[in-house]
$ cat input.tsv   # TSV, C-alpha atoms
chain	number	residue	atom	x	y	z
A	1	PRO	CA	16.56	4.63	9.20
A	2	GLU	CA	15.19	4.78	5.68
A	3	ILE	CA	12.11	2.71	6.57
A	4	VAL	CA	10.40	1.29	9.63
A	5	LEU	CA	8.73	-2.08	8.99
A	6	LEU	CA	6.08	-3.27	11.45
A	7	GLY	CA	3.97	-6.37	11.70
A	8	TYR	CA	0.23	-5.92	12.02
A	9	HIS	CA	-1.87	-7.15	14.88
A	10	ARG	CA	-5.50	-6.32	15.41
A	11	PRO	CA	-5.78	-3.95	18.38
A	12	VAL	CA	-7.75	-5.18	21.37
A	13	LEU	CA	-9.00	-1.71	22.27
A	14	GLY	CA	-9.90	1.23	20.08
A	15	GLY	CA	-12.07	1.85	17.06
A	16	THR	CA	-9.47	1.91	14.31
A	17	LEU	CA	-7.97	-1.17	12.67
A	18	LEU	CA	-4.55	0.52	12.57
A	19	GLY	CA	-4.60	1.35	16.29
A	20	GLY	CA	-2.34	0.90	19.27
A	21	VAL	CA	1.43	0.90	18.76
A	22	VAL	CA	1.04	0.74	14.96
A	23	HIS	CA	-0.99	3.96	15.05
A	24	LEU	CA	1.58	5.67	17.28
A	25	VAL	CA	4.43	4.75	14.94
A	26	LEU	CA	2.44	5.79	11.85
A	27	ARG	CA	1.62	9.09	13.51
A	28	ASN	CA	5.03	9.93	14.97
A	29	ALA	CA	7.90	8.22	13.13
A	30	ASP	CA	9.79	10.38	10.65
A	31	PRO	CA	10.97	7.67	8.21
A	32	VAL	CA	8.74	5.87	5.75
A	33	VAL	CA	6.62	3.38	7.69
A	34	ALA	CA	5.36	0.08	6.25
A	35	VAL	CA	3.00	-2.30	8.05
A	36	LEU	CA	2.92	-5.93	6.87
A	37	VAL	CA	-0.46	-7.64	7.20
A	38	ASP	CA	0.49	-11.30	6.75
A	39	ARG	CA	-2.36	-13.40	5.39
A	40	GLY	CA	-0.23	-16.24	4.10
A	41	PHE	CA	2.52	-14.10	2.57
A	42	PRO	CA	4.90	-16.34	0.57
A	43	ARG	CA	8.67	-16.10	0.98
A	44	GLN	CA	9.00	-15.19	-2.70
A	45	PRO	CA	5.93	-13.22	-3.89
A	46	ALA	CA	5.10	-13.81	-7.54
A	47	SER	CA	2.56	-11.01	-7.91
A	48	LEU	CA	2.15	-7.49	-6.53
A	49	LEU	CA	-0.81	-5.11	-6.80
A	50	ILE	CA	-0.73	-1.37	-6.16
A	51	PRO	CA	-3.96	0.63	-5.94
A	52	PHE	CA	-3.01	4.12	-7.15
A	53	LEU	CA	-4.83	7.37	-6.41
A	54	GLY	CA	-1.76	9.56	-6.89
A	55	THR	CA	-1.10	10.43	-3.22
A	56	VAL	CA	2.41	10.74	-1.79
A	57	HIS	CA	1.71	7.52	0.12
A	58	ASP	CA	0.84	5.73	-3.15
A	59	ARG	CA	4.12	6.90	-4.67
A	60	ALA	CA	6.03	5.59	-1.63
A	61	ALA	CA	4.15	2.29	-2.00
A	62	LEU	CA	5.22	2.15	-5.66
A	63	ARG	CA	8.88	2.78	-4.77
A	64	LEU	CA	8.76	-0.01	-2.17
A	65	ALA	CA	7.00	-2.36	-4.61
A	66	ALA	CA	9.70	-1.58	-7.18
A	67	ARG	CA	12.34	-2.70	-4.67
A	68	ILE	CA	10.41	-5.90	-4.01
A	69	GLN	CA	10.03	-6.51	-7.75
A	70	ARG	CA	13.75	-6.03	-8.38
A	71	ALA	CA	14.60	-8.48	-5.57
A	72	THR	CA	12.04	-11.16	-6.48
A	73	GLY	CA	11.12	-10.72	-10.14
A	74	ALA	CA	7.43	-10.54	-9.16
A	75	SER	CA	4.90	-9.21	-11.64
A	76	LEU	CA	3.46	-5.83	-10.71
A	77	THR	CA	0.01	-4.49	-11.55
A	78	MET	CA	-1.11	-0.94	-10.84
A	79	LEU	CA	-4.85	-0.39	-10.49
A	80	CYS	CA	-6.20	3.14	-10.93
A	81	ALA	CA	-9.23	5.15	-11.97
A	82	ARG	CA	-9.32	6.11	-15.63
A	83	ALA	CA	-8.87	9.79	-14.66
A	84	LYS	CA	-5.55	8.92	-12.94
A	85	ALA	CA	-4.13	6.75	-15.75
A	86	ALA	CA	-1.72	9.40	-17.13
A	87	ASP	CA	-0.46	10.15	-13.60
A	88	ALA	CA	-0.04	6.42	-12.95
A	89	ARG	CA	1.94	5.90	-16.18
A	90	HIS	CA	4.21	8.80	-15.21
A	91	ALA	CA	4.73	7.34	-11.70
A	92	ILE	CA	5.63	3.94	-13.22
A	93	VAL	CA	8.28	5.56	-15.43
A	94	GLN	CA	9.64	7.63	-12.52
A	95	ALA	CA	9.93	4.51	-10.33
A	96	GLY	CA	11.73	2.63	-13.13
A	97	VAL	CA	9.47	-0.36	-12.69
A	98	ARG	CA	7.90	-2.89	-15.05
A	99	ALA	CA	4.16	-2.72	-14.40
A	100	GLU	CA	0.89	-3.50	-16.07
A	101	LEU	CA	-1.65	-0.68	-15.71
A	102	GLU	CA	-5.31	-1.60	-15.21
A	103	THR	CA	-8.06	1.00	-14.98
A	104	ILE	CA	-11.12	0.70	-12.78
A	105	GLN	CA	-14.37	0.98	-14.68
A	106	GLY	CA	-17.78	1.13	-13.04
A	107	ALA	CA	-16.90	-0.29	-9.61
A	108	SER	CA	-15.86	1.65	-6.55
A	109	ALA	CA	-12.09	1.71	-6.00
A	110	PRO	CA	-12.11	-0.40	-2.79
A	111	ASP	CA	-14.44	-3.00	-4.35
A	112	ALA	CA	-12.24	-3.22	-7.44
A	113	VAL	CA	-9.08	-3.64	-5.34
A	114	VAL	CA	-10.65	-6.34	-3.14
A	115	ALA	CA	-11.87	-8.24	-6.22
A	116	ARG	CA	-8.56	-7.90	-8.13
A	117	ALA	CA	-6.46	-8.84	-5.09
A	118	ARG	CA	-7.94	-12.33	-4.77
A	119	ASP	CA	-5.17	-13.87	-6.89
A	120	ILE	CA	-2.35	-11.54	-5.75
A	121	ASP	CA	0.41	-12.43	-3.26
A	122	LEU	CA	0.93	-8.91	-1.89
A	123	VAL	CA	-1.07	-5.69	-2.14
A	124	VAL	CA	1.22	-2.68	-1.59
A	125	VAL	CA	-0.99	0.25	-0.71
A	126	GLY	CA	-0.72	3.85	0.46
A	127	LEU	CA	-2.11	4.86	3.83
A	128	ASP	CA	-5.91	5.12	3.26
A	129	THR	CA	-6.70	1.46	3.90
A	130	GLU	CA	-9.31	0.82	6.62
A	131	ARG	CA	-11.76	-0.75	4.13
A	132	LEU	CA	-9.05	-2.79	2.38
A	133	LEU	CA	-7.61	-3.94	5.69
A	134	ARG	CA	-11.03	-5.21	6.70
A	135	ASP	CA	-12.11	-6.80	3.38
A	136	CYS	CA	-9.00	-7.82	1.40
A	137	THR	CA	-7.96	-11.47	1.81
A	138	SER	CA	-4.44	-11.02	0.38
A	139	SER	CA	-1.39	-10.04	2.39
A	140	MET	CA	-0.89	-6.28	2.44
A	141	LEU	CA	1.97	-3.87	2.91
A	142	ILE	CA	0.55	-0.53	4.05
A	143	VAL	CA	2.94	2.35	3.37
A	144	ARG	CA	3.06	5.86	4.84
A	145	GLU	CA	5.47	8.30	3.21
A	146	ARG	CA	7.96	10.37	5.17
A	147	ILE	CA	6.49	13.86	5.07
A	148	GLY	CA	7.07	15.20	8.57
A	149	GLY	CA	4.19	17.08	10.21
A	150	LEU	CA	1.81	16.47	7.32
A	151	ALA	CA	2.12	12.69	7.76
A	152	ARG	CA	1.26	13.08	11.43
A	153	ALA	CA	-1.83	15.13	10.64
A	154	LYS	CA	-3.08	12.68	7.99
A	155	VAL	CA	-2.91	9.70	10.38
A	156	GLU	CA	-5.22	11.30	12.96
A	157	VAL	CA	-8.36	9.22	13.43

$ encode --input "input.tsv" --output "structure tokens"
Amino acid sequence: PEIVLLGYHRPVLGGTLLGGVVHLVLRNADPVVAVLVDRGFPRQPASLLIPFLGTVHDRAALRLAARIQRATGASLTMLCARAKAADARHAIVQAGVRAELETIQGASAPDAVVARARDIDLVVVGLDTERLLRDCTSSMLIVRERIGGLARAKVEV
């Protein structure tokens, strides 16, 4: 398959929020993997937010968000550090998506994402998400890119 989509459930045992079966699939599946954390996700999202650090997982998240935007007409905002703004603009053009680019100034990236996500229907984020998963009140789609052995190594906890 092109993508494996999983629902999120908080693991009963283990120290990681993305544990149990979700962790096993993230670690071992070859296709792109997306995990939906439903916190009141609407049938037709009107707004999407993508935190962007420039990782391969962020780029996969952008491609998936572009598909969602094309299907729903949702607005899309990319949030990035000022140092990554040129890379983010390039990624937006490559994905062929309409997006507003906002730069983070002064705050830590996770704090800025949590604050900005308060009025967003869906946060589409690359793999590094433990803090966001814990603190963000919006629905999230966590995306891990298909990169074979490297993806498996990056998911180790």

$ atom_distance --input "input.tsv" --atom1 "atom CA of A:Ala117" --atom2 "atom CA of A:Arg131"
13.4 Å

$ atom_distance --input "input.tsv" --atom1 "atom CA of A:Leu24" --atom2 "atom CA of A:Arg59"
22.1 Å

$ atom_distance --input "input.tsv" --atom1 "atom CA of A:Ser108" --atom2 "atom CA of A:Pro51"
12.0 Å

$ closest_residue --input "input.tsv" --among "A:Gly7, A:Pro31, A:Gly40, A:Pro110" --to "A:Glu145" --atoms "only C-alpha atoms"
A:Pro31

$ residues_around --input "input.tsv" --residues "A:Gln94" --least-positions-apart "2" --cutoff "12 Å" --atoms "only C-alpha atoms" --output "JSON, numbers by chain"
{"A": [59, 60, 62, 63, 66, 87, 88, 89, 90, 91, 92, 96, 97, 98, 99]}

$ axis_aligned_box --input "input.tsv" --around "stretch 24-43 of chain A" --padding-each-side "4 Å" --output "JSON"
{"center_x": 4.3, "center_y": -3.0, "center_z": 8.9, "size_x": 21.3, "size_y": 34.7, "size_z": 24.7}
